Amino acid sequence: MDGTIALLDGGHLAFEDVGDGPAVVFLHPGLWDMRTWDPQIATFTEAGYRVIRYDLRGYGHSSRLGAEPYSHVADLCTLLDQLDVEQAALVGCSMGGAVAIDTAVTAPARVWALVPVAAGLSGFEPTAEEEDWWEDAGAGIQEAVDAGELLRAQDLRLAIWASLGTDDPAGAAIRRIAFDNIHELTMDESGQIELEPPAAHRLHEIDAPTLVLRAEHDPPEMRRIFDLLAAGIAGARARTIEGADHVVNLRQPAAFDAAVLPFLAEVRP
């Protein structure tokens with residue numbers, strides 16, 4: 001089933017809901033939308049899961065951001081409520097991983113398993129070396145945005161997040177979906193309600209079975225977040241997906257499925 005759900009503030013979320021069994025919700029990374037999970041739909045439904053994916057607010061076919069306050073966690077909980085889902089496994093990449101982690105902290109009863117993938121982390125503080133890395137890697141991006149050269153800015157960002165290139169089929173999909181969401185470069189995210197205290201200081205509160213995945217070819221900051229999650233969440237399992245850059249499941253779908261499906265099968269309710 002494809003559709004949209006209405007949010008209390010007048011916004012909406014576009015979603016897809018297919019399959020039967022314990023619910024698994026896929027949360028996409030920033031720059032992209034729910035199509036990044038295309039390779040997982042068949043494999044996870046065939047494995048006996050109800051697969052739900054959606055465009056986070058501001059992305060894909062969901063409502064755009066204005067100046068109004070919003071919460072990705074509240075949006076996710078509203079989606080679960082409207083789809084009559086009491087509990088779900090949350091599988092989130094990058095920004096989606098951060099939303100999944102925040103949800104596991106604030107609404108633990110809704111989460112039967114957690115899989116942060118090359119995840120962000122609210123409250124994470126980069127080191128001086130990591131800030132220097134970003135300054136070098138991101139040189140020219142803001143200047144391109146300020147000059148209205150959004151196509152060039154997006155290609156510069158993809159050099160970071162799709163470091164293995166965009167000429168192969170997986171890379172081409174990563175590039176296409178990113179460019180379909182190019183409005184994200186100038187999106188006003190000032191209304192986002194941040195978790196307080198942030199998840200970086202509350203990882204010990206997470207009690208859902210957790211599998212943390214790292215991309216082999218990811219920026220240094222993302223690798224350190226992986227280490228923090230693996231050490232900070234009690235009982236967390238950790239794996240590196242080799243041959244993957246940031247959008248792990250698109251770049252290496254077979255390896256991703258081989259890591260996640262056995263884990264979910266072991267802990268499924």
# chains A, B, ... in the order shown; residues from 1 in each chain; ligands from 1

$ closest_atom_pairs --of "range 113-173 of chain A" --to "range 232-251 of chain A" --cutoff "9 Å" --atoms "only C-alpha atoms" --output "Markdown table"
| residue | atom | partner | partner_atom | distance |
| --- | --- | --- | --- | --- |
| A:Val117 | CA | A:Val248 | CA | 7.3 |
| A:Ala118 | CA | A:His246 | CA | 6.3 |
| A:Ile160 | CA | A:His246 | CA | 8.7 |
| A:Trp161 | CA | A:His246 | CA | 5.4 |
| A:Ala162 | CA | A:Asp245 | CA | 5.9 |
| A:Ser163 | CA | A:Asp245 | CA | 6.4 |
| A:Leu164 | CA | A:Asp245 | CA | 6.5 |
| A:Ala170 | CA | A:Arg251 | CA | 5.5 |
| A:Gly171 | CA | A:Arg251 | CA | 7.1 |
| A:Ala173 | CA | A:Leu250 | CA | 8.1 |

$ write_last_selection --atoms "C-alpha atoms" --output "compact mmCIF listing (two decimals), in the first residue's frame"
# COMPACT_ATOMS: atom_id res chain seq x y z
CA VAL A 117 23.54 2.25 9.67
CA ALA A 118 26.37 4.77 9.12
CA ILE A 160 32.05 12.96 0.20
CA TRP A 161 29.03 10.74 0.67
CA ALA A 162 29.39 8.62 -2.48
CA SER A 163 33.17 8.45 -2.43
CA LEU A 164 33.24 5.23 -4.46
CA ALA A 170 24.41 1.69 -7.47
CA GLY A 171 26.28 4.99 -7.63
CA ALA A 173 20.94 5.53 -8.20

$ residues_around --residues "Gly138 in chain A" --least-positions-apart "5" --cutoff "10 Å" --atoms "only C-alpha atoms" --output "count of residues only"
7

$ select_by_dssp --residues "range 67-211 of chain A" --states "helix (DSSP H, G or I)" --output "count of residues only"
77

$ residues_around --residues "Leu150 in chain A" --least-positions-apart "3" --cutoff "8 Å" --atoms "only C-alpha atoms" --output "list in words"
Ala144, Val145, Ala153, Gln154, Ile182 and Leu185 of chain A

$ residues_around --residues "Ile177 in chain A" --least-positions-apart "5" --cutoff "8 Å" --atoms "only C-alpha atoms" --output "list in words"
Leu31, Trp32, Asp33, Arg35 and Thr36 of chain A

$ residues_around --residues "range 90-104 of chain A" --least-positions-apart "5" --cutoff "9 Å" --atoms "only C-alpha atoms" --output "PyMOL selection string"
chain A and resi 23-30+56+72-74+76-77+109-122+195+198-199+203+205-208+222+246-249

$ write_last_selection --atoms "N, CA and C atoms" --output "compact mmCIF listing (two decimals), in the first residue's frame"
# COMPACT_ATOMS: atom_id res chain seq x y z
N ALA A 23 6.75 -5.61 12.18
CA ALA A 23 7.01 -4.42 11.38
C ALA A 23 8.48 -4.03 11.42
N VAL A 24 8.99 -3.67 10.25
CA VAL A 24 10.34 -3.10 10.11
C VAL A 24 10.19 -1.77 9.39
N VAL A 25 10.62 -0.69 10.02
CA VAL A 25 10.54 0.64 9.42
C VAL A 25 11.93 1.06 8.96
N PHE A 26 12.02 1.45 7.70
CA PHE A 26 13.28 1.92 7.12
C PHE A 26 13.26 3.44 7.05
N LEU A 27 14.33 4.07 7.58
CA LEU A 27 14.44 5.53 7.59
C LEU A 27 15.65 5.93 6.76
N HIS A 28 15.42 6.76 5.77
CA HIS A 28 16.45 7.09 4.78
C HIS A 28 17.42 8.16 5.29
N PRO A 29 18.57 8.27 4.65
CA PRO A 29 19.53 9.32 5.00
C PRO A 29 19.14 10.67 4.42
N GLY A 30 19.69 11.75 4.96
CA GLY A 30 19.54 13.07 4.37
C GLY A 30 20.17 13.08 2.99
N LEU A 56 10.95 11.18 4.99
CA LEU A 56 10.93 12.06 6.14
C LEU A 56 10.49 13.46 5.73
N HIS A 72 11.14 14.93 13.91
CA HIS A 72 11.14 13.69 13.14
C HIS A 72 10.69 12.51 14.00
N VAL A 73 11.01 12.54 15.28
CA VAL A 73 10.58 11.47 16.17
C VAL A 73 9.06 11.47 16.31
N ALA A 74 8.47 12.65 16.53
CA ALA A 74 7.02 12.74 16.63
C ALA A 74 6.35 12.31 15.32
N LEU A 76 7.48 10.10 13.19
CA LEU A 76 7.56 8.65 13.11
C LEU A 76 6.51 8.01 14.00
N CYS A 77 6.36 8.50 15.21
CA CYS A 77 5.36 7.94 16.12
C CYS A 77 3.95 8.13 15.58
N ALA A 109 9.18 1.69 24.12
CA ALA A 109 8.16 0.65 23.98
C ALA A 109 7.76 0.43 22.53
N ARG A 110 8.09 1.38 21.65
CA ARG A 110 7.71 1.26 20.24
C ARG A 110 8.75 0.50 19.42
N VAL A 111 9.91 0.15 20.03
CA VAL A 111 11.06 -0.36 19.26
C VAL A 111 11.41 -1.77 19.72
N TRP A 112 11.27 -2.77 18.81
CA TRP A 112 11.66 -4.13 19.18
C TRP A 112 13.08 -4.47 18.73
N ALA A 113 13.65 -3.66 17.85
CA ALA A 113 15.05 -3.82 17.47
C ALA A 113 15.51 -2.51 16.83
N LEU A 114 16.81 -2.28 16.90
CA LEU A 114 17.40 -1.03 16.40
C LEU A 114 18.61 -1.36 15.53
N VAL A 115 18.63 -0.80 14.31
CA VAL A 115 19.77 -1.01 13.41
C VAL A 115 20.22 0.34 12.87
N PRO A 116 21.14 1.03 13.56
CA PRO A 116 21.71 2.27 13.03
C PRO A 116 22.79 1.92 11.98
N VAL A 117 22.67 2.55 10.81
CA VAL A 117 23.54 2.25 9.67
C VAL A 117 24.28 3.53 9.27
N ALA A 118 25.61 3.55 9.40
CA ALA A 118 26.37 4.77 9.12
C ALA A 118 25.63 5.96 9.73
N ALA A 119 25.26 5.81 10.99
CA ALA A 119 24.26 6.67 11.62
C ALA A 119 24.83 8.00 12.10
N GLY A 120 23.97 8.99 12.07
CA GLY A 120 24.22 10.22 12.80
C GLY A 120 23.87 10.01 14.26
N LEU A 121 24.18 10.99 15.08
CA LEU A 121 23.93 10.88 16.52
C LEU A 121 23.71 12.27 17.10
N SER A 122 22.52 12.51 17.62
CA SER A 122 22.24 13.83 18.19
C SER A 122 23.14 14.08 19.39
N LEU A 195 16.28 16.67 20.56
CA LEU A 195 16.15 15.88 21.77
C LEU A 195 17.05 16.48 22.85
N PRO A 198 20.51 15.19 24.50
CA PRO A 198 20.60 14.46 23.24
C PRO A 198 21.01 13.01 23.45
N ALA A 199 20.85 12.22 22.39
CA ALA A 199 21.08 10.78 22.49
C ALA A 199 22.52 10.43 22.81
N LEU A 203 22.82 6.95 25.54
CA LEU A 203 22.87 5.65 24.87
C LEU A 203 22.64 4.51 25.85
N GLU A 205 20.46 4.27 27.95
CA GLU A 205 19.03 4.07 28.16
C GLU A 205 18.42 3.12 27.15
N ILE A 206 19.11 2.85 26.05
CA ILE A 206 18.55 2.01 24.99
C ILE A 206 18.64 0.54 25.41
N ASP A 207 17.48 -0.12 25.41
CA ASP A 207 17.46 -1.53 25.80
C ASP A 207 16.98 -2.44 24.68
N ALA A 208 16.72 -1.90 23.50
CA ALA A 208 16.32 -2.73 22.37
C ALA A 208 17.54 -3.47 21.83
N MET A 222 31.95 9.63 11.05
CA MET A 222 30.96 8.55 11.06
C MET A 222 31.55 7.28 11.69
N HIS A 246 28.61 5.66 2.07
CA HIS A 246 27.62 6.07 3.07
C HIS A 246 26.25 5.39 2.93
N VAL A 247 25.71 5.31 1.73
CA VAL A 247 24.40 4.69 1.56
C VAL A 247 24.62 3.18 1.44
N VAL A 248 24.88 2.58 2.57
CA VAL A 248 25.40 1.22 2.65
C VAL A 248 24.52 0.22 1.91
N ASN A 249 23.21 0.30 2.15
CA ASN A 249 22.30 -0.72 1.63
C ASN A 249 22.12 -0.63 0.12

$ atom_distance --atom1 "CA of Phe15 in chain A" --atom2 "CA of Asp55 in chain A"
6.4 Å

$ closest_residue --among "A:His12, A:Arg224, A:Arg202, A:Arg57" --to "Glu130 in chain A" --atoms "only C-alpha atoms"
A:Arg224

$ atom_distance --atom1 "CA of Gln252 in chain A" --atom2 "CA of Glu216 in chain A"
10.9 Å

$ atom_distance --atom1 "CA of Asp38 in chain A" --atom2 "CA of Asp155 in chain A"
22.4 Å
